[in-house]
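A short worksheet on the structure shown next.
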Amino acid sequence: MTNAVTTPAVRFAPEHTSLCIEGLSLAYAGKPALDELTLDIPRHRITAFIGPSGCGKSTLLRALNRLHDLNPDVTRQGRIAFEGEDIHAAHTDVAELRRRIGMVFQAPNPFPMSIYENVAFGLRLQNRLKKRQRDDVIEWALRSAALWDEVKDRLHTSAWQLSGGQQQRLVIARTLAVKPDILLLDEPASALDPISTLKIEELMGDLKHQLTLVLVTHNMQQAARVSDYTAFVDHGRLIEYGTTDDIFTNPRLRRTENYITGRMN
Amino acid sequence: MNRKAAWHGLWPWLCAASVALSLLLLGLLLTLLLTRGLGHFWPAPLEAVTLTSGETFAGEVIREAELPDRSGQERLYFIGNRDNSAQDSHGTRFRWVSLDTILKREAPAQLVRLSRSPWGDFIGQLEAFEHSGQRLEDNAAWQALSQALAQPKNARPNARLTLRPLNGEAFIQPLAEVYRASRPNAMSWLSKVRYWADGVGRFLSQGPRAANTGGGVWPAIFGTVVMVIVMSVIVMPFGVLAAIYLNEIAQQHRFTRLVRIGVRNLAGVPSIVYGVFGLGAFVYGIGATVDEWFFSASLPSPTFGTGGLLWASLTLSLLTLPVVIVATEEGLARIPDAQREGAVALGATRLETLTRVVLPMAAPAMLTALILAVARAAGEVAPLMLVGVAKLAPQVPVDATFPYLHLERKFMHLGYHLFDTAFHGDSVQAAIPLVYATALLLVLIVLVLNLTAIFLRHYLRRKRATT
């Protein structure tokens, strides 16, 4: 825990904390990717992870919904608590955990099905809703993702015919449909044009009232525009973590300032 | 444009030439099969030939060739009339005639050609049609014969024909033995087309005759198609499950790679080796055991302990398994991990991810695998000779007793029928057109089976892209 002493980081009271990461280390086939990370993620806020390429910010994000379970080469130490419960506890239902911690990926990955079926995918897995109810949830999810007006007349056409920005909002709608508590966004706008990016950013601001958002980005302006808290990660370590205002206007460490002002890389 | 402009010199010509050569050879193959195979059923004109020796005979011109012993040409005639005792060598249906011995060639309109069983074709004159004391002659006889043959077989009158070969005695022919008649020299173009279509229909729907040198190939078509379908039903689940295990479930380490290399190499093992394995393992191994346990009443005559449709299908499944595994696995590997992660991130288990996202996306690849397997299986003959194909099994293995489709029976197969007709028939000249027709049919069947799978695959892809 030597880092904890030197890392300037905000802590939150347990009642405001959604995810609590303690001493998380992670390695791909023995090659370290994350080193003793400790940070809290506040509820109903947007937290951004910034840092140079390969610094481990995406790896950190994928640890939060246990997506690394798919890769047997990944080894992990440390603890992640979601609403006070250890997500690696033996009794954890991983599928349920992933439903509650939704994820949107860098490249839009709609399934090769209709728009309707894409949004219904998560609902069908639970298979609890009647068609009428399901239709309502799908409309709500598409409205929440600011996509309803664009697709309401062609819900049963292929999702692959949508533009990149629409596809990404569809993926967000698909994730929202299963009512997650947390939305993890892994550079959600990096493959999109400026207007689509703007739409996604506006969407994040709206969604903040419903759920907790965690955003990975290498676009510094984006982090400054949308997030409430920013964590700067480099070489698998947490360098500095504070309110976005503090990080961008008054960083405590030289290293953070260098990165933010573009004197790194 | 720039990429194309950068190509200059000999290379593009060389590549284009090889494409052109391949297409040319393929075109030649298809043209040969089409003309020779389908031409066989066309009602060819008949000739009445008078020789310098004074003899007259009737026949169909087949082809001409150089004389073997001196300069000059000779011509091959199909003369039929195997029952005509006046012919030089009794029982031959073909006759070579040197051109310089021919005095006169005519094409009289009243020459008839009758297809009969037994004795094969008759070519000559129809003198009379006798039925219940009435005797009709010449044109009236022909009219009566046409009308009689137009009726279904069991409704035909019990009539007798008087036939006269041009080079022999007139004789009596019962109508019951005649199944087709034509006067090709007097036929209009339209009726020739009808006659041709009728001939093709008979070829497709009837069983073989005259030691596989006549008649149709229906049992062979049926055997080939059923064998390929049974093979597909067996091989697809196994191949797809194996591919899923290799690509989705097994950890990728040295042993998995070894298994994969092994599977790929199995695809190259000569097919006859699979036949030997099928004979040993399926027929003599499993089949004999099944007989001992369940069919001991009929021993020593084997039920499953001999070659049959089931063992042939199993052997071919084994033969095509590597093809299916490799093609399916390639399709699975092409599916981006982002799709799997997307499903997992929504709370899908591995099984749900597999069944709801991965397998639907891999369906076109599975159909590709099926196409490859069918193409390989339909063309195999060598292993079948060991595990159940028969020279003659005129009854298709379907009847009204349970289980209706009898997979333990021997069956006919187009590929083997082709081989048998070409090499084991009693008359090479009679076999040649049938060999071409059968080869054409085999190509067409593979084509139809493949096109079905291709259209299905196209449909699935379209459905994914648009609906």
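Every chain in the structure tokens has a letter given in the order shown (A, B, ...), and although residue numbers restart at 1 in each chain, ligands are simply numbered from 1 in the order shown.
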Provide as a compact mmCIF listing (two decimals) with C-alpha atoms, in the first residue's frame the residues of chain B at most 8 Å from chain A, counting only C-alpha atoms.
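Okay, this is what ended up in result-v9.txt:
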# COMPACT_ATOMS: atom_id res chain seq x y z
CA ALA B 338 -16.45 -8.16 -29.80
CA GLN B 339 -19.68 -10.05 -30.56
CA GLU B 341 -18.00 -9.92 -25.36
CA GLY B 342 -21.11 -7.92 -26.22
CA VAL B 344 -21.35 -11.73 -22.19
CA ALA B 345 -21.47 -8.10 -21.05
CA LEU B 346 -25.26 -8.26 -21.19
CA GLY B 347 -25.28 -11.14 -18.74
CA ALA B 348 -25.30 -14.05 -21.17
CA THR B 349 -23.66 -17.27 -20.04
CA GLU B 352 -26.28 -18.52 -24.25
CA VAL B 357 -24.90 -15.11 -31.09
CA MET B 361 -23.44 -16.06 -37.13
CA ARG B 464 -28.98 -10.99 -41.43
CA ALA B 465 -28.11 -7.94 -43.51
CA THR B 466 -31.63 -6.60 -44.05
CA THR B 467 -34.27 -7.79 -41.62
Review point. Quick one: DSSP alpha helix (DSSP H) residues in stretch 345-435 of chain B, as a PyMOL selection string?
Key: chain B and resi 345+350-353+359-378+382-387+414-424+428-435
Practice item. Enumerate as number ranges by chain all residues of stretch 26-249 of chain A assigned to strand (DSSP E or B) by DSSP on the backbone, naming them with the chain letters and numbers the document uses. Key: A: 26-28, 31-42, 46-50, 74-82, 85-86, 101-104, 114, 158, 182-186, 212-216, 229-234, 237-243
Resulting file, chosen residues, C-alpha atoms, as a PDB file, in the first residue's frame:
ATOM      1  CA  LEU A  26      -3.637  -7.786 -12.819  1.00  0.00           C
ATOM      2  CA  ALA A  27      -1.305  -9.587 -15.220  1.00  0.00           C
ATOM      3  CA  TYR A  28      -1.690 -11.040 -18.730  1.00  0.00           C
ATOM      4  CA  LYS A  31       3.043  -9.681 -17.714  1.00  0.00           C
ATOM      5  CA  PRO A  32       1.811  -7.054 -15.234  1.00  0.00           C
ATOM      6  CA  ALA A  33      -0.895  -4.698 -16.520  1.00  0.00           C
ATOM      7  CA  LEU A  34      -2.287  -3.165 -13.322  1.00  0.00           C
ATOM      8  CA  ASP A  35      -0.275  -2.531 -10.209  1.00  0.00           C
ATOM      9  CA  GLU A  36      -1.913  -2.096  -6.790  1.00  0.00           C
ATOM     10  CA  LEU A  37      -4.737   0.206  -7.831  1.00  0.00           C
ATOM     11  CA  THR A  38      -6.944   1.632  -5.142  1.00  0.00           C
ATOM     12  CA  LEU A  39      -9.848   3.971  -5.898  1.00  0.00           C
ATOM     13  CA  ASP A  40     -13.529   4.528  -5.195  1.00  0.00           C
ATOM     14  CA  ILE A  41     -16.096   5.251  -7.891  1.00  0.00           C
ATOM     15  CA  PRO A  42     -18.919   7.543  -6.747  1.00  0.00           C
ATOM     16  CA  ILE A  46     -19.296  10.239 -14.326  1.00  0.00           C
ATOM     17  CA  THR A  47     -15.800   9.066 -13.569  1.00  0.00           C
ATOM     18  CA  ALA A  48     -13.244   9.257 -16.373  1.00  0.00           C
ATOM     19  CA  PHE A  49     -10.055   7.211 -16.660  1.00  0.00           C
ATOM     20  CA  ILE A  50      -7.434   8.982 -18.733  1.00  0.00           C
ATOM     21  CA  VAL A  74      -5.256 -13.292 -16.766  1.00  0.00           C
ATOM     22  CA  THR A  75      -4.265 -13.428 -13.103  1.00  0.00           C
ATOM     23  CA  ARG A  76      -5.570 -10.999 -10.499  1.00  0.00           C
ATOM     24  CA  GLN A  77      -4.908  -9.907  -6.948  1.00  0.00           C
ATOM     25  CA  GLY A  78      -6.830  -7.426  -4.846  1.00  0.00           C
ATOM     26  CA  ARG A  79     -10.484  -6.774  -4.214  1.00  0.00           C
ATOM     27  CA  ILE A  80     -13.333  -5.055  -6.023  1.00  0.00           C
ATOM     28  CA  ALA A  81     -16.507  -4.361  -4.089  1.00  0.00           C
ATOM     29  CA  PHE A  82     -19.766  -3.455  -5.788  1.00  0.00           C
ATOM     30  CA  GLU A  85     -20.137  -6.970  -1.961  1.00  0.00           C
ATOM     31  CA  ASP A  86     -16.952  -8.582  -3.249  1.00  0.00           C
ATOM     32  CA  ILE A 101     -22.654  -3.502 -14.572  1.00  0.00           C
ATOM     33  CA  GLY A 102     -23.283  -2.883 -18.271  1.00  0.00           C
ATOM     34  CA  MET A 103     -20.552  -2.219 -20.790  1.00  0.00           C
ATOM     35  CA  VAL A 104     -20.248  -0.333 -24.072  1.00  0.00           C
ATOM     36  CA  SER A 114     -32.950  -6.495 -36.069  1.00  0.00           C
ATOM     37  CA  SER A 158     -31.017  -5.087 -39.451  1.00  0.00           C
ATOM     38  CA  ILE A 182     -23.367   1.056 -13.644  1.00  0.00           C
ATOM     39  CA  LEU A 183     -22.491   1.741 -17.270  1.00  0.00           C
ATOM     40  CA  LEU A 184     -18.888   1.152 -18.293  1.00  0.00           C
ATOM     41  CA  LEU A 185     -17.912   2.990 -21.464  1.00  0.00           C
ATOM     42  CA  ASP A 186     -14.664   1.971 -23.157  1.00  0.00           C
ATOM     43  CA  THR A 212     -23.200   5.521 -12.394  1.00  0.00           C
ATOM     44  CA  LEU A 213     -20.967   6.000 -15.426  1.00  0.00           C
ATOM     45  CA  VAL A 214     -17.337   5.044 -15.816  1.00  0.00           C
ATOM     46  CA  LEU A 215     -15.669   6.375 -18.954  1.00  0.00           C
ATOM     47  CA  VAL A 216     -12.345   5.435 -20.474  1.00  0.00           C
ATOM     48  CA  TYR A 229     -14.119  12.926 -11.460  1.00  0.00           C
ATOM     49  CA  THR A 230     -10.983  12.035 -13.353  1.00  0.00           C
ATOM     50  CA  ALA A 231      -8.383   9.386 -12.620  1.00  0.00           C
ATOM     51  CA  PHE A 232      -5.037   9.560 -14.389  1.00  0.00           C
ATOM     52  CA  VAL A 233      -3.535   6.120 -14.924  1.00  0.00           C
ATOM     53  CA  ASP A 234      -0.057   5.420 -16.256  1.00  0.00           C
ATOM     54  CA  ARG A 237      -0.664   2.652 -11.632  1.00  0.00           C
ATOM     55  CA  LEU A 238      -3.084   5.271 -10.426  1.00  0.00           C
ATOM     56  CA  ILE A 239      -1.129   8.533 -10.591  1.00  0.00           C
ATOM     57  CA  GLU A 240      -3.718  11.044  -9.502  1.00  0.00           C
ATOM     58  CA  TYR A 241      -7.445  10.988  -8.850  1.00  0.00           C
ATOM     59  CA  GLY A 242      -9.624  13.979  -8.065  1.00  0.00           C
ATOM     60  CA  THR A 243     -12.476  16.120  -9.275  1.00  0.00           C
TER      61      THR A 243
END
Point to revise | Surrounding residues of B:Arg95 excluding itself and chain neighbours under 2 positions, 9 Å, only C-alpha atoms, as a ChimeraX atom specification | key: /B:59,75-79,92-93,97
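Each of A:Asp193, A:Gly236, A:His209, A:Asp245 was compared to A:Leu24 using only C-alpha atoms, and A:Gly236 turns out to be the nearest.
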Practice item. Please provide the set of residues having any atom within 12 Å of B:Gly415, restricted to only C-alpha atoms, with same-chain residues fewer than 5 positions apart removed, written as a ChimeraX atom specification. Key: /B:217,220-221,223-225,377-385,389-391,420-422,435-443,445-446
